[in-house]
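Data from start_19.txt: compact mmCIF, C-alpha atoms and all ligand atoms
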```txt
# COMPACT_ATOMS: atom_id res chain seq x y z
CA MET A 1 -139.10 -22.35 -98.53
CA SER A 2 -141.00 -19.65 -96.69
CA LEU A 3 -140.65 -16.31 -98.48
CA LEU A 4 -139.88 -14.49 -95.26
CA LEU A 5 -137.19 -17.04 -94.39
CA GLU A 6 -135.70 -16.58 -97.85
CA GLN A 7 -135.64 -12.81 -97.29
CA LEU A 8 -133.98 -13.29 -93.91
CA ILE A 9 -131.24 -15.46 -95.43
CA GLU A 10 -130.62 -12.81 -98.08
CA ALA A 11 -130.60 -10.02 -95.52
CA PHE A 12 -127.92 -11.71 -93.39
CA GLN A 13 -125.61 -11.65 -96.41
CA VAL A 14 -125.08 -7.91 -95.94
CA LEU A 15 -122.71 -8.89 -93.11
CA PRO A 16 -119.01 -9.21 -93.94
CA GLY A 17 -117.81 -12.74 -94.67
CA VAL A 18 -121.33 -14.14 -94.65
CA GLY A 19 -122.27 -16.13 -97.74
CA ARG A 20 -125.46 -18.02 -98.42
CA LYS A 21 -124.56 -21.11 -96.39
CA THR A 22 -123.59 -19.13 -93.29
CA ALA A 23 -126.62 -16.86 -93.65
CA GLN A 24 -128.83 -19.95 -93.73
CA ARG A 25 -127.23 -21.29 -90.54
CA MET A 26 -127.75 -17.92 -88.86
CA ALA A 27 -131.41 -17.80 -89.83
CA TYR A 28 -132.09 -21.36 -88.64
CA HIS A 29 -130.18 -20.77 -85.43
CA VAL A 30 -132.13 -17.64 -84.57
CA LEU A 31 -135.47 -19.30 -85.35
CA GLU A 32 -134.66 -22.54 -83.52
CA ARG A 33 -132.86 -21.37 -80.44
CA GLY A 34 -132.38 -17.61 -80.42
CA ARG A 35 -135.67 -15.75 -80.95
CA ASP A 36 -135.12 -13.44 -77.99
CA GLY A 37 -131.60 -12.66 -79.15
CA GLY A 38 -132.86 -12.15 -82.69
CA ARG A 39 -135.54 -9.76 -81.49
CA ARG A 40 -132.93 -7.81 -79.55
CA LEU A 41 -130.48 -7.74 -82.49
CA ALA A 42 -133.24 -6.43 -84.78
CA GLY A 43 -134.09 -3.65 -82.34
CA VAL A 44 -130.56 -2.53 -81.57
CA LEU A 45 -129.53 -2.70 -85.23
CA ALA A 46 -132.50 -0.60 -86.35
CA GLU A 47 -131.67 2.01 -83.73
CA ALA A 48 -127.92 1.96 -84.44
CA VAL A 49 -128.17 2.56 -88.20
CA GLU A 50 -130.41 5.56 -87.55
CA ARG A 51 -128.70 7.09 -84.55
CA ILE A 52 -124.97 6.39 -84.79
CA GLY A 53 -123.17 9.06 -86.82
CA HIS A 54 -119.65 10.48 -86.71
CA CYS A 55 -118.09 12.69 -84.03
CA SER A 56 -117.62 16.18 -85.46
CA GLN A 57 -114.13 16.37 -83.95
CA CYS A 58 -112.51 12.96 -84.43
CA ARG A 59 -114.83 11.26 -86.99
CA ASP A 60 -115.17 8.15 -84.81
CA PHE A 61 -118.62 6.60 -84.55
CA SER A 62 -120.76 8.49 -82.07
CA GLU A 63 -124.41 8.88 -81.21
CA THR A 64 -123.76 12.42 -79.96
CA GLU A 65 -122.32 15.33 -81.99
CA VAL A 66 -119.06 15.13 -80.04
CA CYS A 67 -118.05 11.67 -78.79
CA ALA A 68 -117.44 10.91 -75.11
CA LEU A 69 -113.69 10.65 -75.60
CA CYS A 70 -113.34 14.05 -77.32
CA ALA A 71 -115.71 15.69 -74.86
CA GLY A 72 -114.11 14.12 -71.79
CA ALA A 73 -111.75 15.83 -69.38
CA GLY A 74 -108.50 14.12 -68.43
CA ARG A 75 -107.13 13.55 -71.91
CA ASP A 76 -103.91 15.17 -73.09
CA ARG A 77 -105.00 17.56 -75.84
CA GLN A 78 -101.44 18.10 -77.08
CA GLN A 79 -101.27 14.59 -78.50
CA LEU A 80 -103.34 13.52 -81.47
CA CYS A 81 -103.22 9.94 -82.69
CA VAL A 82 -104.40 9.41 -86.29
CA VAL A 83 -105.81 5.95 -87.06
CA GLU A 84 -107.49 4.41 -90.08
CA THR A 85 -110.54 2.92 -88.43
CA PRO A 86 -112.58 2.93 -85.19
CA ALA A 87 -111.34 -0.63 -84.62
CA ASP A 88 -107.74 0.62 -84.71
CA ARG A 89 -108.59 3.37 -82.23
CA LEU A 90 -110.13 0.78 -79.92
CA ALA A 91 -107.10 -1.51 -80.28
CA ILE A 92 -104.73 1.30 -79.21
CA GLU A 93 -107.00 2.39 -76.39
CA THR A 94 -107.13 -1.18 -75.08
CA ALA A 95 -103.47 -2.14 -75.56
CA THR A 96 -101.57 1.02 -74.62
CA GLY A 97 -101.60 3.65 -71.91
CA TYR A 98 -102.18 6.45 -74.42
CA ARG A 99 -104.12 9.38 -72.89
CA GLY A 100 -104.24 11.82 -75.81
CA LEU A 101 -106.94 12.36 -78.43
CA TYR A 102 -107.62 10.61 -81.74
CA PHE A 103 -108.53 11.36 -85.31
CA VAL A 104 -110.16 8.56 -87.31
CA LEU A 105 -109.56 8.66 -91.07
CA GLN A 106 -112.20 6.02 -91.85
CA GLY A 107 -109.86 4.68 -94.54
CA ARG A 108 -106.45 5.39 -96.06
CA LEU A 109 -105.26 7.14 -99.21
CA SER A 110 -106.05 5.00 -102.23
CA PRO A 111 -106.23 7.12 -105.39
CA LEU A 112 -107.25 4.14 -107.54
CA ASP A 113 -110.34 3.65 -105.38
CA GLY A 114 -111.11 7.36 -105.41
CA ILE A 115 -110.08 7.83 -101.77
CA GLY A 116 -108.16 11.09 -101.47
CA PRO A 117 -107.54 13.66 -98.72
CA ARG A 118 -111.14 14.91 -98.87
CA GLU A 119 -112.62 11.43 -98.23
CA LEU A 120 -110.37 11.02 -95.19
CA GLY A 121 -111.48 14.34 -93.70
CA LEU A 122 -107.99 15.86 -93.94
CA ASP A 123 -109.49 19.36 -94.28
CA LEU A 124 -111.02 18.85 -90.84
CA LEU A 125 -107.69 17.53 -89.56
CA ALA A 126 -105.83 20.56 -91.01
CA ARG A 127 -108.17 22.97 -89.21
CA ARG A 128 -107.54 21.02 -86.03
CA LEU A 129 -103.77 21.39 -86.44
CA GLU A 130 -104.19 25.12 -87.23
CA GLY A 131 -105.84 25.52 -83.84
CA GLY A 132 -102.39 25.33 -82.28
CA GLU A 133 -103.32 23.02 -79.41
CA VAL A 134 -101.71 19.88 -80.87
CA ALA A 135 -97.96 19.45 -80.34
CA GLU A 136 -97.44 15.85 -81.50
CA MET A 137 -99.32 13.93 -84.16
CA ILE A 138 -98.88 10.18 -83.76
CA VAL A 139 -99.45 8.54 -87.13
CA ALA A 140 -100.81 5.05 -86.46
CA THR A 141 -101.76 3.96 -89.95
CA SER A 142 -101.20 0.36 -91.09
CA ALA A 143 -97.82 -1.00 -92.11
CA THR A 144 -99.17 -1.54 -95.62
CA VAL A 145 -98.13 0.24 -98.80
CA GLU A 146 -101.19 2.47 -98.69
CA GLY A 147 -100.83 2.97 -94.95
CA GLU A 148 -97.22 4.12 -95.42
CA ALA A 149 -98.19 6.51 -98.22
CA THR A 150 -100.92 7.93 -95.99
CA ALA A 151 -98.41 8.31 -93.15
CA HIS A 152 -96.03 10.34 -95.32
CA TYR A 153 -98.84 12.58 -96.49
CA LEU A 154 -99.95 13.13 -92.88
CA ALA A 155 -96.39 13.86 -91.73
CA GLN A 156 -96.10 16.62 -94.33
CA LEU A 157 -99.44 18.06 -93.25
CA ALA A 158 -98.26 18.09 -89.63
CA ARG A 159 -94.98 19.82 -90.45
CA GLN A 160 -96.80 22.49 -92.48
CA HIS A 161 -98.62 23.41 -89.25
CA GLY A 162 -95.59 23.23 -87.01
CA VAL A 163 -96.73 19.96 -85.44
CA ARG A 164 -94.22 17.18 -84.76
CA PRO A 165 -95.23 13.93 -86.53
CA SER A 166 -94.29 10.55 -85.10
CA ARG A 167 -94.89 7.03 -86.34
CA LEU A 168 -95.33 3.74 -84.47
CA ALA A 169 -92.01 1.88 -84.18
CA GLN A 170 -91.12 -0.74 -86.71
CA GLY A 171 -92.11 -3.96 -85.13
CA LEU A 172 -95.56 -4.22 -86.63
CA PRO A 173 -95.54 -7.26 -88.91
CA LEU A 174 -95.10 -6.15 -92.52
CA GLY A 175 -98.35 -5.94 -94.42
CA GLY A 176 -100.23 -6.41 -91.16
CA GLU A 177 -103.55 -4.77 -90.44
CA LEU A 178 -103.15 -2.91 -87.16
CA GLU A 179 -106.46 -4.20 -85.83
CA TYR A 180 -105.22 -7.80 -85.81
CA VAL A 181 -101.85 -7.25 -84.16
CA ASP A 182 -101.52 -8.85 -80.74
CA ARG A 183 -101.64 -6.55 -77.71
CA GLY A 184 -98.00 -6.95 -76.69
CA THR A 185 -96.60 -6.11 -80.11
CA LEU A 186 -98.96 -3.18 -80.49
CA SER A 187 -98.18 -1.82 -77.04
CA HIS A 188 -94.42 -2.11 -77.63
CA ALA A 189 -94.59 -0.49 -81.06
CA PHE A 190 -96.73 2.31 -79.67
CA GLY A 191 -94.34 2.96 -76.81
CA SER A 192 -91.24 3.08 -79.00
CA ARG A 193 -92.71 5.30 -81.71
CA ALA A 194 -90.13 7.48 -83.47
CA GLU A 195 -90.31 11.03 -84.74
CA MET A 196 -90.74 11.18 -88.50
CA LYS A 197 -87.89 12.90 -90.32
CA ASP A 198 -88.10 14.46 -93.77
CA MET B 199 -117.12 3.59 -77.19
CA SER B 200 -120.68 4.65 -77.94
CA LEU B 201 -123.08 2.74 -75.68
CA LEU B 202 -125.35 1.89 -78.59
CA LEU B 203 -122.40 0.56 -80.59
CA GLU B 204 -121.40 -1.57 -77.61
CA GLN B 205 -124.96 -2.96 -77.45
CA LEU B 206 -124.89 -3.69 -81.18
CA ILE B 207 -121.62 -5.63 -80.86
CA GLU B 208 -123.13 -7.66 -78.03
CA ALA B 209 -126.33 -8.29 -79.94
CA PHE B 210 -124.49 -9.70 -82.97
CA GLN B 211 -123.00 -12.38 -80.72
CA VAL B 212 -126.34 -14.19 -80.62
CA LEU B 213 -125.43 -15.47 -84.11
CA PRO B 214 -123.71 -18.87 -84.36
CA GLY B 215 -119.92 -18.75 -84.63
CA VAL B 216 -119.82 -15.01 -83.98
CA GLY B 217 -117.49 -13.96 -81.16
CA ARG B 218 -116.63 -10.46 -80.01
CA LYS B 219 -114.09 -9.73 -82.76
CA THR B 220 -116.38 -10.82 -85.58
CA ALA B 221 -119.33 -8.98 -84.02
CA GLN B 222 -117.23 -5.82 -83.94
CA ARG B 223 -116.34 -6.20 -87.62
CA MET B 224 -120.01 -6.71 -88.45
CA ALA B 225 -121.05 -3.59 -86.55
CA TYR B 226 -118.37 -1.43 -88.16
CA HIS B 227 -119.13 -2.82 -91.60
CA VAL B 228 -122.84 -2.09 -91.33
CA LEU B 229 -122.21 1.44 -90.03
CA GLU B 230 -119.51 2.24 -92.58
CA ARG B 231 -120.80 0.71 -95.75
CA GLY B 232 -124.05 -1.12 -95.19
CA ARG B 233 -126.67 1.06 -93.47
CA ASP B 234 -129.37 0.23 -96.00
CA GLY B 235 -128.60 -3.46 -95.68
CA GLY B 236 -128.53 -3.13 -91.89
CA ARG B 237 -131.91 -1.40 -91.89
CA ARG B 238 -133.31 -4.17 -94.05
CA LEU B 239 -131.81 -6.94 -91.89
CA ALA B 240 -133.30 -5.35 -88.77
CA GLY B 241 -136.74 -5.17 -90.34
CA VAL B 242 -136.79 -8.67 -91.82
CA LEU B 243 -135.34 -10.20 -88.65
CA ALA B 244 -137.93 -8.51 -86.43
CA GLU B 245 -140.71 -9.78 -88.68
CA ALA B 246 -139.25 -13.28 -89.01
CA VAL B 247 -138.89 -13.99 -85.28
CA GLU B 248 -142.53 -12.97 -84.78
CA ARG B 249 -144.15 -14.55 -87.82
CA ILE B 250 -142.23 -17.70 -88.72
CA GLY B 251 -143.55 -20.74 -86.89
CA HIS B 252 -143.77 -24.43 -87.77
CA CYS B 253 -145.93 -26.14 -90.40
CA SER B 254 -148.63 -28.17 -88.64
CA GLN B 255 -148.04 -31.08 -91.01
CA CYS B 256 -144.27 -31.35 -91.53
CA ARG B 257 -142.85 -29.13 -88.72
CA ASP B 258 -140.66 -27.23 -91.18
CA PHE B 259 -140.43 -23.48 -90.70
CA SER B 260 -143.46 -21.75 -92.16
CA GLU B 261 -145.22 -18.42 -91.89
CA THR B 262 -148.53 -20.11 -92.70
CA GLU B 263 -150.24 -22.91 -90.75
CA VAL B 264 -149.46 -25.39 -93.54
CA CYS B 265 -146.27 -24.74 -95.55
CA ALA B 266 -146.27 -24.26 -99.32
CA LEU B 267 -144.69 -27.66 -99.95
CA CYS B 268 -147.27 -29.59 -97.87
CA ALA B 269 -150.14 -27.57 -99.33
CA GLY B 270 -148.93 -27.79 -102.91
CA ALA B 271 -150.28 -30.07 -105.59
CA GLY B 272 -147.93 -32.17 -107.68
CA ARG B 273 -146.12 -33.91 -104.82
CA ASP B 274 -146.28 -37.67 -104.36
CA ARG B 275 -148.16 -38.15 -101.07
CA GLN B 276 -147.20 -41.81 -100.80
CA GLN B 277 -143.57 -40.94 -100.03
CA LEU B 278 -142.55 -39.26 -96.80
CA CYS B 279 -138.94 -38.31 -96.22
CA VAL B 280 -137.97 -37.76 -92.58
CA VAL B 281 -135.08 -35.35 -91.98
CA GLU B 282 -133.49 -33.86 -88.89
CA THR B 283 -133.50 -30.20 -89.86
CA PRO B 284 -134.95 -27.72 -92.36
CA ALA B 285 -131.42 -27.38 -93.78
CA ASP B 286 -131.39 -31.13 -94.50
CA ARG B 287 -134.77 -30.88 -96.19
CA LEU B 288 -133.47 -28.06 -98.36
CA ALA B 289 -130.30 -30.01 -99.21
CA ILE B 290 -132.36 -33.00 -100.43
CA GLU B 291 -134.77 -30.78 -102.33
CA THR B 292 -131.86 -29.07 -104.09
CA ALA B 293 -129.69 -32.12 -104.78
CA THR B 294 -132.19 -34.81 -105.71
CA GLY B 295 -135.25 -35.24 -107.88
CA TYR B 296 -137.41 -36.26 -104.91
CA ARG B 297 -141.07 -35.28 -105.37
CA GLY B 298 -142.64 -36.66 -102.19
CA LEU B 299 -143.36 -34.95 -98.88
CA TYR B 300 -141.19 -34.36 -95.82
CA PHE B 301 -141.31 -34.55 -92.06
CA VAL B 302 -138.80 -32.43 -90.14
CA LEU B 303 -137.81 -33.77 -86.71
CA GLN B 304 -136.05 -30.54 -85.66
CA GLY B 305 -133.42 -32.71 -83.95
CA ARG B 306 -132.62 -36.36 -83.33
CA LEU B 307 -133.07 -38.75 -80.42
CA SER B 308 -130.64 -37.86 -77.67
CA PRO B 309 -131.87 -39.11 -74.29
CA LEU B 310 -128.95 -37.52 -72.42
CA ASP B 311 -130.03 -34.10 -73.72
CA GLY B 312 -133.65 -34.80 -72.91
CA ILE B 313 -134.63 -35.16 -76.57
CA GLY B 314 -137.04 -38.05 -76.88
CA PRO B 315 -139.89 -39.03 -79.25
CA ARG B 316 -142.14 -36.25 -77.94
CA GLU B 317 -139.59 -33.50 -78.66
CA LEU B 318 -139.22 -34.75 -82.23
CA GLY B 319 -142.98 -34.70 -82.83
CA LEU B 320 -143.18 -38.46 -83.33
CA ASP B 321 -146.79 -38.47 -82.05
CA LEU B 322 -147.66 -36.22 -84.99
CA LEU B 323 -145.66 -38.49 -87.32
CA ALA B 324 -147.49 -41.58 -85.99
CA ARG B 325 -150.89 -39.98 -86.69
CA ARG B 326 -149.68 -39.20 -90.18
CA LEU B 327 -148.71 -42.84 -90.76
CA GLU B 328 -152.06 -44.00 -89.35
CA GLY B 329 -153.79 -41.97 -92.05
CA GLY B 330 -152.86 -44.72 -94.51
CA GLU B 331 -151.73 -42.41 -97.32
CA VAL B 332 -148.00 -43.01 -96.86
CA ALA B 333 -146.52 -46.13 -98.46
CA GLU B 334 -142.78 -45.48 -98.06
CA MET B 335 -140.99 -43.62 -95.31
CA ILE B 336 -137.50 -42.53 -96.38
CA VAL B 337 -135.39 -42.09 -93.27
CA ALA B 338 -132.78 -39.41 -94.07
CA THR B 339 -131.25 -38.85 -90.66
CA SER B 340 -127.51 -38.25 -90.28
CA ALA B 341 -124.93 -41.02 -90.46
CA THR B 342 -124.02 -40.29 -86.83
CA VAL B 343 -124.56 -42.57 -83.83
CA GLU B 344 -127.62 -40.60 -82.76
CA GLY B 345 -128.86 -40.34 -86.34
CA GLU B 346 -128.64 -44.14 -86.71
CA ALA B 347 -130.46 -44.71 -83.41
CA THR B 348 -133.16 -42.32 -84.56
CA ALA B 349 -133.40 -44.15 -87.89
CA HIS B 350 -133.96 -47.50 -86.18
CA TYR B 351 -136.64 -46.04 -83.95
CA LEU B 352 -138.36 -44.51 -86.99
CA ALA B 353 -138.16 -47.77 -88.95
CA GLN B 354 -139.96 -49.58 -86.13
CA LEU B 355 -142.63 -46.90 -86.02
CA ALA B 356 -143.14 -47.21 -89.77
CA ARG B 357 -143.47 -51.01 -89.64
CA GLN B 358 -146.02 -50.75 -86.83
CA HIS B 359 -148.22 -48.81 -89.22
CA GLY B 360 -147.59 -51.02 -92.22
CA VAL B 361 -145.37 -48.46 -93.89
CA ARG B 362 -142.17 -49.54 -95.65
CA PRO B 363 -139.10 -47.79 -94.20
CA SER B 364 -136.03 -47.09 -96.34
CA ARG B 365 -132.73 -45.47 -95.53
CA LEU B 366 -130.30 -43.48 -97.67
CA ALA B 367 -127.63 -45.74 -99.15
CA GLN B 368 -124.32 -46.09 -97.42
CA GLY B 369 -122.07 -43.66 -99.14
CA LEU B 370 -122.58 -40.78 -96.77
CA PRO B 371 -119.25 -40.14 -95.09
CA LEU B 372 -119.24 -41.71 -91.63
CA GLY B 373 -120.04 -39.23 -88.89
CA GLY B 374 -120.98 -36.68 -91.54
CA GLU B 375 -123.70 -34.11 -91.01
CA LEU B 376 -126.07 -34.49 -93.94
CA GLU B 377 -126.30 -30.73 -94.48
CA TYR B 378 -122.60 -30.51 -95.41
CA VAL B 379 -122.43 -33.45 -97.81
CA ASP B 380 -121.66 -32.47 -101.40
CA ARG B 381 -124.55 -32.56 -103.87
CA GLY B 382 -123.24 -35.49 -105.90
CA THR B 383 -122.75 -37.80 -102.94
CA LEU B 384 -126.10 -36.84 -101.49
CA SER B 385 -127.91 -37.35 -104.78
CA HIS B 386 -126.29 -40.76 -105.29
CA ALA B 387 -127.01 -41.91 -101.74
CA PHE B 388 -130.59 -40.74 -102.04
CA GLY B 389 -131.10 -42.55 -105.34
CA SER B 390 -129.70 -45.86 -104.09
CA ARG B 391 -131.54 -45.91 -100.76
CA ALA B 392 -132.28 -49.41 -99.50
CA GLU B 393 -135.28 -50.82 -97.71
CA MET B 394 -134.68 -51.25 -93.99
CA LYS B 395 -134.90 -54.84 -92.77
CA ASP B 396 -135.57 -55.90 -89.20
ZN ZN C 1 -114.64 12.31 -81.05
ZN ZN C 2 -145.21 -28.50 -94.21
```

As structure tokens, what does this structure read like?
Amino acid sequence: MSLLLEQLIEAFQVLPGVGRKTAQRMAYHVLERGRDGGRRLAGVLAEAVERIGHCSQCRDFSETEVCALCAGAGRDRQQLCVVETPADRLAIETATGYRGLYFVLQGRLSPLDGIGPRELGLDLLARRLEGGEVAEMIVATSATVEGEATAHYLAQLARQHGVRPSRLAQGLPLGGELEYVDRGTLSHAFGSRAEMKD
Amino acid sequence: MSLLLEQLIEAFQVLPGVGRKTAQRMAYHVLERGRDGGRRLAGVLAEAVERIGHCSQCRDFSETEVCALCAGAGRDRQQLCVVETPADRLAIETATGYRGLYFVLQGRLSPLDGIGPRELGLDLLARRLEGGEVAEMIVATSATVEGEATAHYLAQLARQHGVRPSRLAQGLPLGGELEYVDRGTLSHAFGSRAEMKD
């Protein structure tokens, strides 16, 4: 096999869920029927890995220092919704009528994997809460064991700064990753979120 | 969402079997944990779509005018195995002890889709058979209706040039795409191929 083709098949395997067989299909597909698309993917990908960083306020992906959502007018700055991933933020934005701001953890507490408060940017979050602008912190972490542990940690952090923590209503399927919940369930759970008590 | 991120998610959808949700996961994965891999994929992909063409002898993908297999010594030039796709060629090369040469149709006869002898490079194949070097043509097209029709057409072409056509033994699952057949079945079917009679 062509060396370059072999390299292409290996390179595709960086993508999640893509093993050798799928990578091979992708390479053949691009070469047989999708050269223009492949050229475009190569260009956009090269630019994205260099230029997309994290918003200095919410940690979501952004190609500017402050993302469009954080910089934009018309959002309620008293509400802050904390999510695990950019995909979760997008799911809430799409499914609900939420008009507040977000904070993206880029993970959840997992001491065994070396993911603690520092890795989730909780120092940045604490400074945000100190600012005094936030009244309610909506904790939208997953309904998993680690997501629940993260939620309790975040609720304590909120209370320490006089901010009211709330949590999405039970109704999320147990063990479910928020990103894969259907719109209706997510919207309902978001709307009937409950304040977190001690 | 960042415009560049949106473009990246769209660009990933050129890949086979990749819808919006999967494309989004790929983009996030590359940005969160795989920037080096993403950079490499972009570079290799850009190079591949420009530099990989088709071997002038066998029509397999190649970055040189004649591919390494066709150019190499140590292959039996009296045997020519005709396959539908580069993936099929690779499957035979991996599963069997075949040491002859190949011809890659890059498809199969499908008049309704406008794929006729010209699209499959059968003029090139005919010139090859005229050369007189080939003694046996092993027809390894799929066990599908179109694959069988292609096989019969190829067998006629071989006979016209005094070349003996053979076909992989029955044993391939009916309707099965050759690329997905397990190694054992493929190796057995290849070994017990039978000469094609009128
Ligand atoms: Zn932001
Ligand atoms: Zn070749």

B:Val212 environment, 8 Å, only C-alpha atoms, sequence neighbours closer than 5 positions dropped, as a PyMOL selection string = chain A and resi 30+34+37-38+41

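Near B:Arg357, within a cut-off of 12 Å and counting only C-alpha atoms, sit the residues Ala324, Leu327, Glu328, Val332, Ala333, Glu334, Met335, His350, Tyr351, Leu352, Ala353, Gln354, Gly360, Val361, Arg362, Pro363, Ser364, Glu393, Met394, Lys395 and Asp396 of chain B, with same-chain residues fewer than 3 positions away left out.
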
Using all atoms listed in the file, find the residues of chain A whose closest atom to chain B is at most 9 Å away, then write them as a PyMOL selection string.
-> chain A and resi 1-5+7-8+10-17+22+24-32+34-53+61-64+67-69+85-87+90+106

Just to be explicit: take each residue in the selection above, keep C-alpha atoms, and write the result as a CSV table (one decimal), in the frame of the given file.
```
chain,number,residue,atom,x,y,z
A,1,MET,CA,-139.1,-22.4,-98.5
A,2,SER,CA,-141.0,-19.6,-96.7
A,3,LEU,CA,-140.6,-16.3,-98.5
A,4,LEU,CA,-139.9,-14.5,-95.3
A,5,LEU,CA,-137.2,-17.0,-94.4
A,7,GLN,CA,-135.6,-12.8,-97.3
A,8,LEU,CA,-134.0,-13.3,-93.9
A,10,GLU,CA,-130.6,-12.8,-98.1
A,11,ALA,CA,-130.6,-10.0,-95.5
A,12,PHE,CA,-127.9,-11.7,-93.4
A,13,GLN,CA,-125.6,-11.6,-96.4
A,14,VAL,CA,-125.1,-7.9,-95.9
A,15,LEU,CA,-122.7,-8.9,-93.1
A,16,PRO,CA,-119.0,-9.2,-93.9
A,17,GLY,CA,-117.8,-12.7,-94.7
A,22,THR,CA,-123.6,-19.1,-93.3
A,24,GLN,CA,-128.8,-20.0,-93.7
A,25,ARG,CA,-127.2,-21.3,-90.5
A,26,MET,CA,-127.8,-17.9,-88.9
A,27,ALA,CA,-131.4,-17.8,-89.8
A,28,TYR,CA,-132.1,-21.4,-88.6
A,29,HIS,CA,-130.2,-20.8,-85.4
A,30,VAL,CA,-132.1,-17.6,-84.6
A,31,LEU,CA,-135.5,-19.3,-85.4
A,32,GLU,CA,-134.7,-22.5,-83.5
A,34,GLY,CA,-132.4,-17.6,-80.4
A,35,ARG,CA,-135.7,-15.8,-81.0
A,36,ASP,CA,-135.1,-13.4,-78.0
A,37,GLY,CA,-131.6,-12.7,-79.2
A,38,GLY,CA,-132.9,-12.2,-82.7
A,39,ARG,CA,-135.5,-9.8,-81.5
A,40,ARG,CA,-132.9,-7.8,-79.6
A,41,LEU,CA,-130.5,-7.7,-82.5
A,42,ALA,CA,-133.2,-6.4,-84.8
A,43,GLY,CA,-134.1,-3.6,-82.3
A,44,VAL,CA,-130.6,-2.5,-81.6
A,45,LEU,CA,-129.5,-2.7,-85.2
A,46,ALA,CA,-132.5,-0.6,-86.4
A,47,GLU,CA,-131.7,2.0,-83.7
A,48,ALA,CA,-127.9,2.0,-84.4
A,49,VAL,CA,-128.2,2.6,-88.2
A,50,GLU,CA,-130.4,5.6,-87.6
A,51,ARG,CA,-128.7,7.1,-84.6
A,52,ILE,CA,-125.0,6.4,-84.8
A,53,GLY,CA,-123.2,9.1,-86.8
A,61,PHE,CA,-118.6,6.6,-84.6
A,62,SER,CA,-120.8,8.5,-82.1
A,63,GLU,CA,-124.4,8.9,-81.2
A,64,THR,CA,-123.8,12.4,-80.0
A,67,CYS,CA,-118.0,11.7,-78.8
A,68,ALA,CA,-117.4,10.9,-75.1
A,69,LEU,CA,-113.7,10.6,-75.6
A,85,THR,CA,-110.5,2.9,-88.4
A,86,PRO,CA,-112.6,2.9,-85.2
A,87,ALA,CA,-111.3,-0.6,-84.6
A,90,LEU,CA,-110.1,0.8,-79.9
A,106,GLN,CA,-112.2,6.0,-91.8
```

Surroundings of ligand ZN 1 (chain C) up to 9 Å, based on only C-alpha atoms and all ligand atoms, as a VMD selection string | chain A and resid 54 to 62 65 to 71 101 to 104

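Atom to atom, atom ZN of ligand ZN 2 (chain C) and atom CA of B:Thr342 stand 25.3 Å apart.
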
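A straight line drawn from atom CA of A:Asp88 to atom CA of A:Glu119 is 18.0 Å long.
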
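From atom CA of A:Ile138 back to atom CA of A:Gln79, the distance works out to 7.3 Å.
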
Selection near A:Ser110, 10 Å with only C-alpha atoms, sequence-local residues under 4 positions removed, as a list in words = Gly114, Ile115, Gly116, Pro117, Val145, Glu146, Gly147, Ala149 and Thr150 of chain A

Around stretch 140-159 of chain A, with edges along x, y and z and 6 Å added on all six sides, what centre and edge lengths do you get, in Å to one decimal, as JSON?
```
{"center_x": -98.4, "center_y": 9.1, "center_z": -92.6, "size_x": 18.8, "size_y": 33.4, "size_z": 24.3}
```

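Restricting the calculation to all atoms listed in the file, the smallest distance between B:Leu307 and any of B:Glu282, B:Glu375, B:Glu291, B:Asp380 is found for B:Glu282.
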